[in-house]
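Participant: Handing you a structure now.
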Amino acid sequence: MTAPSLLSPAVRNYPWGSRTAIPALLRQRPDGEPQAELWFGAHRAAPSLLPDRPGSPDLAAAITADPARELGETSLAAHGPELPFLLKLLAAERALSVQVHPTRRQAQNGHDREEAAGVPLDAPHRAFKDRNHKPELLCALEPFEALCGFREPARTAELLDALAVPELRRWSAVLRSRPAREALSRTLRAALCARERLVHAVSAALPRLTASPGPWSNAGAAYTTVAEDYPGDPGILAALLLNHVRLDAGEALYLGAGVPHAYLRGTGVEIMANSDNVLRCGLTDKHVDIAQLAEIVDCVPMGPAIMRPTPTGLAGESQICSPTEEFVLSRLETGTETVSVTDPGPQVLLCLVGQVRLTPGPPLCRGAAAFVPAGSPCEVTGAGAVLYRARVPLCAAP
């Protein structure tokens, strides 16, 4: 049976990332590049390395070589020969694109359609790069801001009225008079097709909304930062339709299929199903396919799915439950006692506070992670540390 192995993350330098947050968290010197994400997993685009295994293979290659040993029979039967989740450390200094993810069936149909049409996987207009859905969960490490889910149409009409931009009056009328799904669909399409003149008029009105007393000052401040991040982008107007969300440290946001969302500011631990399927609704220089988007986005008003961790049967562990088959995320605060984290399925352990020793396995200091193959005995020792533990929920811990 293979012992736990160090996992060397892949660094993703996206323009929206912070130049200081991840280095500060890991107590490293900034290199001047925007470190947006650290990937701990076997995603085909950037699999993590296993530096203490012979030949330093990456995790994807190790799983391909012996999927039953690395993943276990239960996960292999449920999800096939790949790690079903990707764990990330995320640091946003600018807003990410407003985006939405497909259901599994939509992903399968879309992928097969594009394959049949001969659309290259790396084509800018390719929407479905695999046949999987992409539910996500983000757990805030500090106060974190995001946009998530459509606001009730009548409330959004009140926001548009408060902006006092004459061209938005027709949108307000639609939002008040039409059924919710139709109203949101029509207004989203109008936003993404809006002329630059209207985008600039709304952007100019946002600081006034922020400065005025009333219910929209906090949301107005968030939309103002979006407008400053992406001047002239019609995604600014699409963002106005979404709930503004503030997470406290330890709170989490779940994002299911069809829910439009955008992260704005903050650092967090993110976990998602292993997929690349993203359709963008703006705040990006990448391709926006409005017709394809209309098929995927769920134009139903809903409040953000904010989750709080609940204790498990393991000493010091609290778990964030999510309705997915691919992953579960928990936070483990270590005490003076040794804790067993042996599990029938594959795991990733990420240390963000203090230092622990895995037995068997390597020590983990702040920012270090380990991959624990399915069924591998693993005990954690070291008081005062905080670990984030990603695993497959079908392979529940005993």
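Naming works like this for the structure tokens: A, B, ... for the chains as they're shown, residue 1 at the start of each chain, ligands 1 onward in shown order.
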Among stretch 216-393 of chain A, which residues does DSSP mark as strand (DSSP E) when it is run on the backbone? Keep the chain and numbering as in the structure and answer as a VMD selection string.

Facilitator: chain A and resid 242 to 247 252 to 255 261 to 273 279 to 282 305 to 307 310 to 311 317 to 320 328 to 333 339 to 340 347 to 353 356 to 359 363 to 364 369 to 372 379 to 381 386 to 391

Participant: Just asking: which residues within stretch 109-338 of chain A are helix (DSSP H, G or I) according to DSSP, as a ChimeraX atom specification?

Facilitator: /A:109-116,153-163,166-177,180-192,196-211,217-229,235-239,290-296

Participant: Within 6 Å of A:Thr103, counting only C-alpha atoms, which residues show up once you throw out same-chain ones fewer than 2 positions away? Write them as a list in words, please.

Facilitator: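 Answer for this query is Arg105, Gln106, His133 and Ala257 of chain A.
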
Participant: Have a look at A:Ala191, A:Leu86, A:Val300, A:Leu255 and name the one nearest to A:Leu237; count only C-alpha atoms.

Facilitator: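 Smallest separation from A:Leu237 among the options: A:Ala191.
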
Participant: Can you tell me, as an NGL selection string, what residues are no more than 10 Å from A:Glu136 when counting only C-alpha atoms, ignoring any on the same chain fewer than 2 positions away?

Facilitator: :A and (85-86 or 101 or 133-134 or 138 or 253-257 or 270-274 or 322 or 324 or 327)

Participant: Output C-alpha atoms for every residue in the selection just made, as an mmCIF file, in the first residue's frame.

Facilitator:
```cif
data_model
loop_
_atom_site.group_PDB
_atom_site.id
_atom_site.type_symbol
_atom_site.label_atom_id
_atom_site.label_comp_id
_atom_site.auth_asym_id
_atom_site.auth_seq_id
_atom_site.Cartn_x
_atom_site.Cartn_y
_atom_site.Cartn_z
ATOM 1 C CA PHE A 85 -12.005 16.767 -7.468
ATOM 2 C CA LEU A 86 -9.485 19.586 -7.690
ATOM 3 C CA HIS A 101 -21.306 25.926 -15.400
ATOM 4 C CA HIS A 133 -20.248 19.117 -14.701
ATOM 5 C CA LYS A 134 -18.389 21.546 -12.429
ATOM 6 C CA LEU A 138 -15.307 28.140 -1.842
ATOM 7 C CA LEU A 253 -20.315 29.454 -0.862
ATOM 8 C CA TYR A 254 -21.653 26.571 -2.938
ATOM 9 C CA LEU A 255 -22.160 27.048 -6.679
ATOM 10 C CA GLY A 256 -24.230 24.518 -8.566
ATOM 11 C CA ALA A 257 -24.965 24.168 -12.266
ATOM 12 C CA GLU A 270 -11.820 26.161 -3.308
ATOM 13 C CA ILE A 271 -12.804 22.656 -4.318
ATOM 14 C CA MET A 272 -14.577 21.629 -7.506
ATOM 15 C CA ALA A 273 -15.349 18.707 -9.728
ATOM 16 C CA ASN A 274 -12.533 17.989 -12.154
ATOM 17 C CA SER A 322 -22.422 19.994 -0.275
ATOM 18 C CA THR A 324 -22.130 16.665 -4.785
ATOM 19 C CA PHE A 327 -16.028 16.001 -3.105
#
```

Participant: Which residues, written as a PyMOL selection string, have at least one atom at most 10 Å from A:Pro311, with only C-alpha atoms counted and residues fewer than 5 positions away on the same chain left out?

Facilitator: chain A and resi 316-320+330-332

Participant: So that I can check the surroundings of A:Thr336, please list as a list in words every protein, DNA and RNA residue that reaches within 12 Å of it, counting only C-alpha atoms and ignoring chain neighbours fewer than 6 positions away.

Facilitator: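 These residues fall inside the cut-off: Ala315, Gly316, Val356, Val380, Thr381, Gly382, Ala383, Gly384 and Ala385 of chain A.
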
Participant: Give me the residues within 7 Å of A:Pro260 as a PyMOL selection string, counting only C-alpha atoms and dropping any in the same chain fewer than 4 places off.

Facilitator: chain A and resi 98-100+148-149+297

Participant: Go ahead and dump the residues you just picked, C-alpha atoms, as a CSV table (one decimal), in the first residue's frame.

Facilitator:
```csv
chain,number,residue,atom,x,y,z
A,98,VAL,CA,-19.2,36.3,-14.5
A,99,GLN,CA,-19.6,32.7,-15.4
A,100,VAL,CA,-21.9,29.7,-15.2
A,148,CYS,CA,-23.9,34.8,-6.8
A,149,GLY,CA,-27.3,34.0,-8.2
A,297,VAL,CA,-27.9,29.7,-17.3
```

Participant: Let me make sure I understand: among A:Ser212, A:Ser18, A:Asn132, A:Ser97, which one has the smallest atom-to-atom distance to A:Gly110 if we use only C-alpha atoms?

Facilitator: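 The answer is A:Asn132, which sits nearest to A:Gly110.
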
Participant: Restricting the calculation to only C-alpha atoms, which member of A:Leu168, A:Met302, A:Ala62, A:Ala10 is positioned closest to A:His244?

Facilitator: A:Met302
